[in-house]
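The next block holds one structure in the form of structure tokens; read it before the comments.
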Amino acid sequence: MHGMTGPFTVRHYESIGSTNDEAWRLARDGAPHGSVVHADEQTAGRGRFSRSWFSPPGNLYLSIVLRLDVPPARMSELSFVAGIAVAETAAVLLPKRTRPQLKWPNDVLVEGAKISGILLESDADVAILGIGLNVLEAPKSGAYRTTTIAANGGLASVDSARDILLARLAEALGLWQRDGFTAVREAWLGWSYPIGETIRISVSGAAREGKFAGLDETGALLLETEAGIERHVTGDVALRG
Ligand code: BTN
């Protein structure tokens, strides 16, 4: 099934290994910018750091082929663009009193539990943006707490979540193209934990604790420690408390 949603053309699959893998396959066959792979379930969903992504029916799994004229060094900006779009989507679907929060680099949390994951992969002039959003189902085990739209009293069908997400993504991409990363960073910070919050970042086993000091002009995390400001480009952030 194919459908148009704004600048996006959606291909729908009942079951697939990974929507990112299928999007790569389509991109290699010349699929244009804005081609979207949407699956009801994944049998080999992938997360960051080669983790697997829990992907039963009931959640949103999609990947988008992006062909944007962006130098490799600026590619990671797109994951912040995606984070904004997902946070806005969750805010629309959740009850008004519940505010989603972005955790660097691009986790979306609700009451401290992870509700979405973003996997951005790129090669030369193509980027594949994979997004998972827990609508009905959350994995029970794991290293961190997880949640769903439904568990927070939100109301959504997977298809409505998809349409809202694609519309927000089109807007966020427009912001990025028009106003650049400075505007994206500002919007991102509007959804993140406050500057000054105590956080801990684990980078390949080693943990550093300090106060969140914002993002630099490339999206790197700034951590204020007793020794001064540290800049981190990768890692897992934990919020204290
Ligand atoms: C993370 O580790 O937080 C990122 C998870 C990304 C999951 C999504 S689901 C749709 C797309 N296809 C995949 O195989 N992974 C991404």
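Simple scheme: letters A, B, ... for chains in structure tokens order, numbers from 1 for residues in each chain, numbers from 1 for ligands in the order shown.
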Near segment 187-193 of chain A, counting only C-alpha atoms, which residues have an atom at most 8 Å away, once you skip same-chain residues fewer than 2 positions from it, shown as a PDB file with C-alpha atoms, in the first residue's frame?
```pdb
ATOM      1  CA  PHE A  80      17.902  16.494  16.839  1.00  0.00           C
ATOM      2  CA  VAL A  81      15.417  17.529  14.155  1.00  0.00           C
ATOM      3  CA  GLY A  83      13.794  14.349  18.331  1.00  0.00           C
ATOM      4  CA  ILE A  84      11.811  17.577  18.177  1.00  0.00           C
ATOM      5  CA  ALA A  87       8.515  15.067  21.238  1.00  0.00           C
ATOM      6  CA  PRO A 100       7.400  14.511  27.091  1.00  0.00           C
ATOM      7  CA  GLN A 101      11.073  15.261  27.620  1.00  0.00           C
ATOM      8  CA  LEU A 102      14.056  14.921  25.310  1.00  0.00           C
ATOM      9  CA  LYS A 103      17.199  13.279  26.631  1.00  0.00           C
ATOM     10  CA  TRP A 104      20.422  13.752  24.702  1.00  0.00           C
ATOM     11  CA  ALA A 183      17.050  27.267  15.684  1.00  0.00           C
ATOM     12  CA  VAL A 184      16.881  23.482  16.006  1.00  0.00           C
ATOM     13  CA  ARG A 185      19.053  23.568  19.125  1.00  0.00           C
ATOM     14  CA  ILE A 195      20.340  23.572  32.000  1.00  0.00           C
ATOM     15  CA  GLU A 197      20.357  19.667  35.969  1.00  0.00           C
ATOM     16  CA  GLY A 214      23.506  22.838  26.951  1.00  0.00           C
TER      17      GLY A 214
END
```
- Task: Report the residues of chain A whose backbone DSSP state falls under alpha helix (DSSP H), written as a PyMOL selection string.
- Result: chain A and resi 19-28+77-93+158-191
- Can you pull out every residue within 12 Å of Ile229 of chain A, counting only C-alpha atoms, but drop anything in the same chain fewer than 2 positions away, and send it as number ranges by chain? A: 208-216, 220-227, 231-232
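Of the listed residues (A:Asp236, A:Asp179, A:Leu78, A:Leu62), A:Asp236 comes nearest to Ser204 of chain A; the distances count only C-alpha atoms.
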- Shortest contact to Thr218 of chain A, candidates A:Gly34, A:Asp21, A:Pro72, A:Ala156, atoms counted only C-alpha atoms, goes to A:Pro72
- strand (DSSP E or B) per DSSP on the backbone: members of segment 175-231 of chain A, as a ChimeraX atom specification: /A:192,198-203,206-215,221-225,228-231
- Message: Just want the 9 Å neighbourhood of segment 36-49 of chain A, counted on only C-alpha atoms, with same-chain residues fewer than 5 positions away dropped. Output as a PyMOL selection string.
- Response: chain A and resi 8-20+22-23+54-65+117-120+158+162
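Each of A:Ala124, A:Leu239, A:Ala206, A:Ile199 was checked against Leu109 of chain A using only C-alpha atoms; the smallest atom-to-atom distance is that of A:Leu239.
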Spatial neighbours of Ser116 of chain A, 7 Å, only C-alpha atoms, chain gap at least 2 places, as a tab-separated table (two decimals) with C-alpha atoms, in the first residue's frame:
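Just written: out_24.tsv:
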```tsv
chain	number	residue	atom	x	y	z
A	107	ASP	CA	15.57	9.77	23.46
A	108	VAL	CA	12.03	10.81	24.20
A	114	LYS	CA	11.66	5.86	27.33
A	118	ILE	CA	15.68	7.25	16.88
A	132	GLY	CA	10.16	3.81	16.82
A	133	LEU	CA	7.34	5.11	19.03
A	134	ASN	CA	5.72	2.92	21.68
```
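Considering the residues A:Ala150, A:Gly235, A:Gly196, A:Leu175 and counting only C-alpha atoms and all ligand atoms, ligand 1 has its shortest atom-to-atom contact with A:Gly235.
With only C-alpha atoms as the atoms that count, the minimum distance from Phe181 of chain A to the choices A:Asp29, A:Thr148, A:Glu217, A:Pro7 is reached by A:Glu217.
Interatomic distance, atom CA of Lys96 of chain A against atom 15 (N, counted along the ligand's line) of ligand 1: 28.3 Å.
When only C-alpha atoms and all ligand atoms are used to compute distances to ligand 1, the closest of the residues A:Leu129, A:Ala31, A:Ser76, A:Asp123 turns out to be A:Leu129.
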